[in-house]
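Have a look at the structure below, then the notes.
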Amino acid sequence: MAVKISQVSFEHHRIALGIGEAEPRISWRFDGDVANWTQSGYTVEVFRYGQAEPQLFHANSSDSVLVPWPTVSFASAESAQVRVRAYGEGDLPDTPWSEAVTVETGLLAEDAWSGAQMIAADKPTEVNLPHQPVLFRKGFSAAGDIEKARLYITAYGVYEAYINGGRVGTAVLAPGWQSYKYRHVYDTYDVTDLLRAGDNAIGIQVGEGWYSGRLGYGGGTRNLWGDTLGAIALLVITSPDGTKEIIRTDDTWSSGTGPIITSELYDGEVYDSRLEQAGWSTPGFQAPDTAQWVGVKTLDAPHGQLVAPDGPPISRIEEIKLQQILTSPTGKTILDFGQNLVGWLRLRVAGPEGSTIKLVHTEVLENGEVATRPLRYAAQTDHFTLSGKGVQVWEPTFTYHGFRYVMVEGWPADDTLLDESSVTAVVVHSDMEATGSFKSSNELINKLHSNVLWSMKGNFMSIPTDCPQRDERLGWTGDAHAFAPTANFLYDATGFWRGWLKDVQFEQVDGAPPVVVPAVPSSGAAMPTAIWGDAVVANPWNTYLASGDLDALREQYTGAKAWLDHGVPRNAAGLWNRSNFQFGDWLDPLAPPDNAGQATTNSSYVADAYLVYVTGLVAQMASELGFEDDRVRYEEWASELKTAFREAWVNPDGTVFNETQTGLALPLYFDLFDGEDEAEAAASRLQKIIVDNDHLVGTGFAGTHLLGLALTKHNLTDTFYKMLLQTTVPSWLYQIEMGATTTWERWDSLLPDGSLNPGEMTSFNHYAVGSVANWIYRVVGGLAPAEPGWKTVKVNVIPGGNFTWAKASYVSPYGRISTEWEVNDAGFHLRLEVPPNTRADVTLPGSGGTAQRVVGSGTHEFSVPGFQA
C-alpha cells in the first residue's frame, strides 16, 4: 500500500475558517502500510486567494507536525488553498499531493471590524431576574453576484444567527464560555449560500448564557460580566470583482422579543410558541400587532478582548433514541433514554393551543421517581406551550441538561403518541475529533471505557466542567488536572485546552489561579491550593506530551513559573505553609458524606508531594524550551524540596506520615523515596495495604489518577488489575454493577441499596475517577507517547486480570497507531500498526523490559511463545 497524506491541518483547528493566526503552522498525517517510511523533505503549495499562480516552498526536513508557515503573513480575512507533498527517505516512495485544504483568517485587528458596534435592545434590562432572550434584525440589499460572504459575530451572552430565515452554522451555545474580561471569542461563518441578490435580512437571537446568567452554587450570582444582552456582527459580502458590501451592527437595527420567555443554563427554558413571529429574520417582515419591536442602543464593545477561537464550538453531535417509558409509583410519566447524557430533548408534537408540556430532567431515579435533590438549586426543567397549529418540532435554544430520565407532564396524548418518534435526546459537546478507542475481552471494562467517554463528552462544554446537571458546572482545575491524560487519548483536545489554559493564566492573581476557571465568586476567588493550582503546570505539560506543540507550552510557561515563584505560600523549608487550605485527597472513599475533604491522608502531605512533582515539571518545561538557567534553577529547587519533603514526612525507617494508598502512591510515582531499596519496601507496603483492603479503592482525587501508574512503575501491575476488577464499593466496576452509564463524583453516589448518597455533592457525571482509563490505555492497550507529540510511540502491553485479548488505537499527529493482542494456549501475540514518519519502542511481556526493540512504520507481528498472564 502506498503512503499518502490523509489530512492537512492548521494549528489545532478542525476547520480553519476565521482563525486567529496570521502565520498558521501546518501539519499533515499519513496513511499507508509501508515499512520504515520516513520523510526526507516536503513541498507546500500555497495558492492565495486573488493570486494567478500558486507558490511552492520546499524544505529538507523530516518534520510534518506544526511546521512553520512558509510565506508572508496573512492579513485579516485572507485565505489560501494549501496542499502538501512529502518525500520518502532514500528509495522510499514519495506521497502524491494531498487534497487542497482552505485556510482563512478572521479579523486580526480592531479596525478590521469596520465600525461594528455592540448593540442591545433599547429597553431597561432585567434586575436580579433571568434575562429574556432578545431578537435583533436588519434588512439590507445585496447588489449583483456574490462570490463569497462571511459573518463575524459574537454576543454578550450566547447567540444564534439567521440570514433570510436560514440558520447560520451548526454551533450551539456560541461563543461558549471564556473569561470574558480578558478573552471574548467571536466566530466566523461562510454564509455565501444563504444570501441572494436583492433584498435580504439578518437576524440574531441572544440569550443570557454564562455571560449574565446565574452561575455557582448556593443560589449563585447573576450578571458576572454584564447585565445587558448584546450582539456584535460584521457581514462582509464580496463580489467577483473584489468589491465589498459591509453590513454591521449599529443603531439602524431593531430589536424585539419572541417566544422564549426565559432560557437559563441551570433552570431550563420557558417557550411559548403562540408568541412565534414567522419570518422575523426574512426580508419584508411585518411584526404582528401583539409584538413590540423597538430600536437598539449601543454598548461598549469588547474590541480589546475579541479573539478567534482556539478550540471547536459546542455542537449537536449525536442523537439518542428513547428506550422505554416508565410510570412512577405516583403515576408520573418518565422517559428513560438508557444513557446519562448532556444536551436536551427535541419534541415532535401537536396539541391544543395554550397547553403546556413540562419536562424535568434528572440523572437517576429514587424510589421510582425522578431524583431532583442532587440538582440542588438547578431546576433542569423546560416548559413548552403549544400553538395549536398542527405538528410542531421544538428543542430549547440557550440551555442544556445532564440527564438520563425526563419526567413529562401535560403531554397531549389525544393528539400525539408519546414514543420514540415524538421525543429524541440531542447530545451536545465541544466538537473535538475523536482519537482514541479501546475494546477488550472484559465487557465490564469495556463499559467502564464507555462511561469514561460519556463523562468526558458531557463535561467538555467549551471549558472542562466538573458536572453538567446541578447548580455548578464549573471549570474546576483539579478535576481537569487529574483527567487530562485520559482526555488527550480519547479526543484531540489540544485546541480546547489551549483556549481554556489562556483563561487560567489570565485569571492568576499573584501567581495563584482560581480553583474554577472562568472564576465564579461563589466558588472562591483566586486561591492557592495544591493539585488545583498545580494545573497551571501539569495541564500545559500534558497537552505538550499529546501534541508536541512547543508554542503552546511557551504560552503557558510564564504562568507555570509564576505559580511556583509567587503563588505558593511556603513555610521556612520551602514547602506549603501548613495553615493554608488544601482540598487534599478530595472525596477519599472514607470521607463522610458531609465533609468531602476529610481524607485519610493529610492534606498538607499531599500538597507537598505535588509541589516537588510540579517543580520538576517546570524544570522539564524549561529544558524543552531551551531556558537553561531556569532548568538548572528548578532542578535544584526540586532537589531541595525533595529533601525537605523527606525531612518533614518520611521517617528514618522509610515509612511515611500516612501509610495509606494515596500516602504511598504519591511518593512512589513522584520518586520521593531515597533509593531503590526504600522505594521497593514502600511498594510492598502499599501492596499489603491494598490486599488487606480486599483490593478496594482507598484514594480520592489526589491519588486515584496515579495509583495504577505507581503500582505498574514498581512491577505491581497484577495488584492493580485485581483492584480494577473489583465490583463492590468502593471500586470502578461497582458503578457499572449499579447501572452507571457515566462515571460518578463519589465512589458511592448510589448506595448499595439503590438509595442516593446523602451528601449534597452527588453527581452521576463527573470525570475525575475516570482518570483510571489512562492506565487502561497504557497498560492494557499498550499505547503511550514515548516523546512529546507521539513522534515515538511507547508500546508496552502488560497482560493480566484474566484478559485474553484487547485492542486499542490512537489517531496521533502523524496518523493512526493501533495494537491488537491476545493470549492463548500458544502464548502472547501482538499485532502493531505504526504510521509513516514515526517509530515505536516495543516491550514484550514477561521480559522484565529486556525484550525491547525499535520498529519503524508498517504492520508488525510479535509473539512470546508459552507466555501466560
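Residue names in the C-alpha cells use chain letters A, B, ... in the order shown, residue numbers from 1 in each chain, and ligand numbers from 1 in the order shown.
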Considering only C-alpha atoms, return as an MDAnalysis selection string whatever protein or nucleic-acid residues lie within 9 Å of segment 271-288 of chain A, sequence-local ones (same chain, fewer than 2 positions apart) excluded.
chainID A and resid 135:140 161:166 199:204 257:263 269 290:293 353:354 356 382:388 396
Hey, what's within 12 Å of segment 325-338 of chain A if we count only C-alpha atoms and toss same-chain stuff fewer than 2 positions away? As a PDB file with C-alpha atoms, in the first residue's frame, please?
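See around-v8.pdb below for the written result:
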```
ATOM      1  CA  GLU A 319     -28.938  11.650  18.932  1.00  0.00           C
ATOM      2  CA  ILE A 320     -30.192   9.026  21.376  1.00  0.00           C
ATOM      3  CA  LYS A 321     -33.488   7.229  20.962  1.00  0.00           C
ATOM      4  CA  LEU A 322     -35.978   6.746  23.729  1.00  0.00           C
ATOM      5  CA  GLN A 323     -35.501   3.326  25.327  1.00  0.00           C
ATOM      6  CA  ASN A 340     -26.809   9.555  31.074  1.00  0.00           C
ATOM      7  CA  LEU A 341     -26.107  12.302  28.552  1.00  0.00           C
ATOM      8  CA  VAL A 342     -25.795  16.047  28.151  1.00  0.00           C
ATOM      9  CA  TRP A 344     -31.765  18.383  25.555  1.00  0.00           C
ATOM     10  CA  LEU A 345     -34.901  16.888  24.041  1.00  0.00           C
ATOM     11  CA  ILE A 357     -45.634  20.374  28.330  1.00  0.00           C
ATOM     12  CA  LYS A 358     -43.311  20.272  31.329  1.00  0.00           C
ATOM     13  CA  LEU A 359     -40.016  18.355  31.133  1.00  0.00           C
ATOM     14  CA  VAL A 360     -37.996  17.670  34.318  1.00  0.00           C
ATOM     15  CA  HIS A 361     -34.538  16.222  33.646  1.00  0.00           C
ATOM     16  CA  THR A 362     -32.611  14.072  36.147  1.00  0.00           C
ATOM     17  CA  GLU A 363     -29.744  11.613  36.054  1.00  0.00           C
ATOM     18  CA  VAL A 364     -31.260   8.915  38.269  1.00  0.00           C
ATOM     19  CA  LEU A 365     -34.466   7.747  39.866  1.00  0.00           C
ATOM     20  CA  GLU A 366     -35.092   7.463  43.587  1.00  0.00           C
ATOM     21  CA  ASN A 367     -37.889   5.160  44.708  1.00  0.00           C
ATOM     22  CA  GLY A 368     -39.083   5.156  41.129  1.00  0.00           C
ATOM     23  CA  GLU A 369     -39.417   8.956  40.914  1.00  0.00           C
ATOM     24  CA  VAL A 370     -37.085  11.477  39.248  1.00  0.00           C
ATOM     25  CA  ALA A 371     -34.334  12.362  41.740  1.00  0.00           C
ATOM     26  CA  GLY A 402     -27.457  16.456  32.276  1.00  0.00           C
ATOM     27  CA  PHE A 403     -29.950  13.605  32.291  1.00  0.00           C
ATOM     28  CA  ARG A 404     -30.991  10.072  31.545  1.00  0.00           C
ATOM     29  CA  TYR A 405     -34.583  10.399  32.730  1.00  0.00           C
ATOM     30  CA  VAL A 406     -37.195  13.018  31.886  1.00  0.00           C
ATOM     31  CA  MET A 407     -40.496  13.356  33.714  1.00  0.00           C
ATOM     32  CA  VAL A 408     -43.170  14.548  31.290  1.00  0.00           C
ATOM     33  CA  GLU A 409     -46.305  16.375  32.367  1.00  0.00           C
ATOM     34  CA  GLY A 410     -49.015  17.810  30.127  1.00  0.00           C
ATOM     35  CA  TRP A 411     -48.314  15.703  27.053  1.00  0.00           C
ATOM     36  CA  ALA A 413     -51.875  12.234  24.398  1.00  0.00           C
ATOM     37  CA  LEU A 417     -48.482   9.414  20.758  1.00  0.00           C
ATOM     38  CA  LEU A 418     -45.592   9.719  23.222  1.00  0.00           C
ATOM     39  CA  ASP A 419     -42.963   7.366  21.779  1.00  0.00           C
ATOM     40  CA  GLU A 420     -39.532   7.315  20.158  1.00  0.00           C
ATOM     41  CA  SER A 422     -42.022  12.125  19.147  1.00  0.00           C
ATOM     42  CA  VAL A 423     -39.075  12.587  21.569  1.00  0.00           C
ATOM     43  CA  THR A 424     -35.354  12.412  20.806  1.00  0.00           C
ATOM     44  CA  ALA A 425     -32.387  13.218  23.018  1.00  0.00           C
ATOM     45  CA  VAL A 426     -29.868  15.546  21.354  1.00  0.00           C
ATOM     46  CA  VAL A 427     -26.277  15.192  22.622  1.00  0.00           C
ATOM     47  CA  GLY A 739     -26.211   0.549  36.298  1.00  0.00           C
ATOM     48  CA  ALA A 740     -23.989   3.598  35.722  1.00  0.00           C
ATOM     49  CA  THR A 741     -23.579   4.853  32.165  1.00  0.00           C
ATOM     50  CA  THR A 742     -21.174   7.661  33.131  1.00  0.00           C
TER      51      THR A 742
END
```
- Using only C-alpha atoms, which residues sit within 9 Å of segment 90-103 of chain A once same-chain residues fewer than 6 positions away are excluded, as JSON, numbers by chain? {"A": [2, 3, 4, 5, 6, 7, 8, 9, 10, 15, 16, 17, 18, 19, 24, 28, 34, 36, 37, 38, 39, 40, 45, 78, 79, 80, 81, 82, 83, 84]}
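Remark: for Leu501 of chain A, the closest of the candidate residues A:Glu737, A:Asp549, A:Glu555, A:Asp33 is A:Glu555 (distances computed over only C-alpha atoms).
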> If you run DSSP on this backbone, which residues of segment 451-650 of chain A come out as alpha helix (DSSP H), and could you give them as a ChimeraX atom specification?
Replying inline: /A:451-459,477-490,494-507,535-547,550-562,603-625,628-649
Correct to one decimal, the distance atom CA of Pro412 of chain A-atom CA of Gly268 of chain A is 20.8 Å
| Top pick for closest residue to Met738 of chain A, considering A:Ile690, A:Ala75, A:Leu444, A:Ala86 and counting only C-alpha atoms |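 That would be A:Leu444, the residue with the smallest distance to Met738 of chain A.
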Please list as a list in words every residue within 9 Å of segment 538-540 of chain A, counting only C-alpha atoms and excluding residues in the same chain fewer than 6 positions away.
Ala480, His481, Ala482, Ala484, Pro485, Trp497, Arg498, Leu501, Ile531, Ala552, Leu553, Glu555, Gln556, Tyr557, Ala560, Val614, Leu617 and Val618 of chain A
Nearest to Leu229 of chain A among A:Trp747, A:Trp563, A:Trp637, A:Tyr211, with distances taken over only C-alpha atoms: which residue is it?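 Closest candidate: A:Tyr211.
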Open item on the list: Give me the residues near Val729 of chain A as an NGL selection string, where near means some atom within 9 Å (using only C-alpha atoms) and where sequence neighbours in that chain fewer than 2 positions away do not count.
Closed with: :A and (589 or 696-697 or 726-727 or 731-735 or 747-748 or 751-752)
Write the residues you've just listed into a file as a compact mmCIF listing (two decimals), in the first residue's frame, and include N, CA and C atoms for each of them.
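Result written to part-v4.txt:
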```
# COMPACT_ATOMS: atom_id res chain seq x y z
N PRO A 589 -12.62 7.62 49.73
CA PRO A 589 -13.81 6.80 49.99
C PRO A 589 -14.29 6.83 51.44
N LEU A 696 -9.86 -3.03 47.31
CA LEU A 696 -10.80 -1.94 47.06
C LEU A 696 -10.06 -0.61 47.07
N VAL A 697 -10.64 0.38 46.42
CA VAL A 697 -10.00 1.68 46.25
C VAL A 697 -9.96 2.43 47.58
N GLN A 726 -12.52 -5.24 40.83
CA GLN A 726 -13.46 -5.37 41.94
C GLN A 726 -14.82 -4.79 41.56
N THR A 727 -15.87 -5.36 42.14
CA THR A 727 -17.23 -4.92 41.81
C THR A 727 -18.03 -4.46 43.01
N SER A 731 -15.17 0.87 44.23
CA SER A 731 -14.42 0.37 43.08
C SER A 731 -15.01 0.98 41.82
N TRP A 732 -14.25 0.86 40.74
CA TRP A 732 -14.75 1.41 39.48
C TRP A 732 -15.93 0.59 38.94
N LEU A 733 -15.83 -0.72 39.07
CA LEU A 733 -16.87 -1.56 38.48
C LEU A 733 -18.12 -1.64 39.35
N TYR A 734 -18.02 -1.21 40.62
CA TYR A 734 -19.24 -1.11 41.42
C TYR A 734 -20.25 -0.20 40.73
N GLN A 735 -19.76 0.88 40.17
CA GLN A 735 -20.66 1.81 39.47
C GLN A 735 -21.32 1.11 38.28
N TRP A 747 -17.47 7.57 44.94
CA TRP A 747 -17.43 6.14 44.71
C TRP A 747 -18.80 5.52 44.98
N ASP A 748 -19.55 6.13 45.89
CA ASP A 748 -20.86 5.60 46.25
C ASP A 748 -21.95 6.65 46.08
N LEU A 751 -25.87 4.29 46.76
CA LEU A 751 -25.52 3.33 47.79
C LEU A 751 -25.93 1.92 47.37
N PRO A 752 -25.36 0.90 48.00
CA PRO A 752 -25.66 -0.48 47.57
C PRO A 752 -27.14 -0.83 47.59
```
**OP:** Quick one: pick out all strand (DSSP E) residues within segment 785-832 of chain A from a backbone DSSP run and write them as a PyMOL selection string.
**Re:** chain A and resi 785+792-795+805-812+815-824+827-832
Taking 3 positions as the minimum chain separation for residues in the same chain, which residues sit within 6 Å of Asp466 of chain A when counting only C-alpha atoms? Answer as a PyMOL selection string.
chain A and resi 473-474+476+766
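Distance check against Phe438 of chain A using only C-alpha atoms: of A:Glu820, A:Glu147, A:Asp588, A:Glu678, the minimum falls on A:Glu820.
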Under the rule that only C-alpha atoms are counted, which of A:Thr615, A:Ser812, A:Thr188, A:Asn802 is the nearest residue to Asp718 of chain A?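 Looking only at the distances to Asp718 of chain A, the closest residue turns out to be A:Asn802.
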Mind checking which residues fall within 10 Å of Glu245 of chain A, counting only C-alpha atoms, ignoring those fewer than 2 positions away in the same chain, and posting them as a PyMOL selection string? chain A and resi 141-143+146+149+235-239+242-243+247-248
One decimal place gives the atom CA of Val185 of chain A-atom CA of Thr399 of chain A separation as 19.1 Å
Margin query: One decimal, in Å: what's the spacing between atom CA of Phe803 of chain A and atom CA of Ala681 of chain A?
Written below: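 Separation of atom CA of Phe803 of chain A and atom CA of Ala681 of chain A: 28.7 Å.
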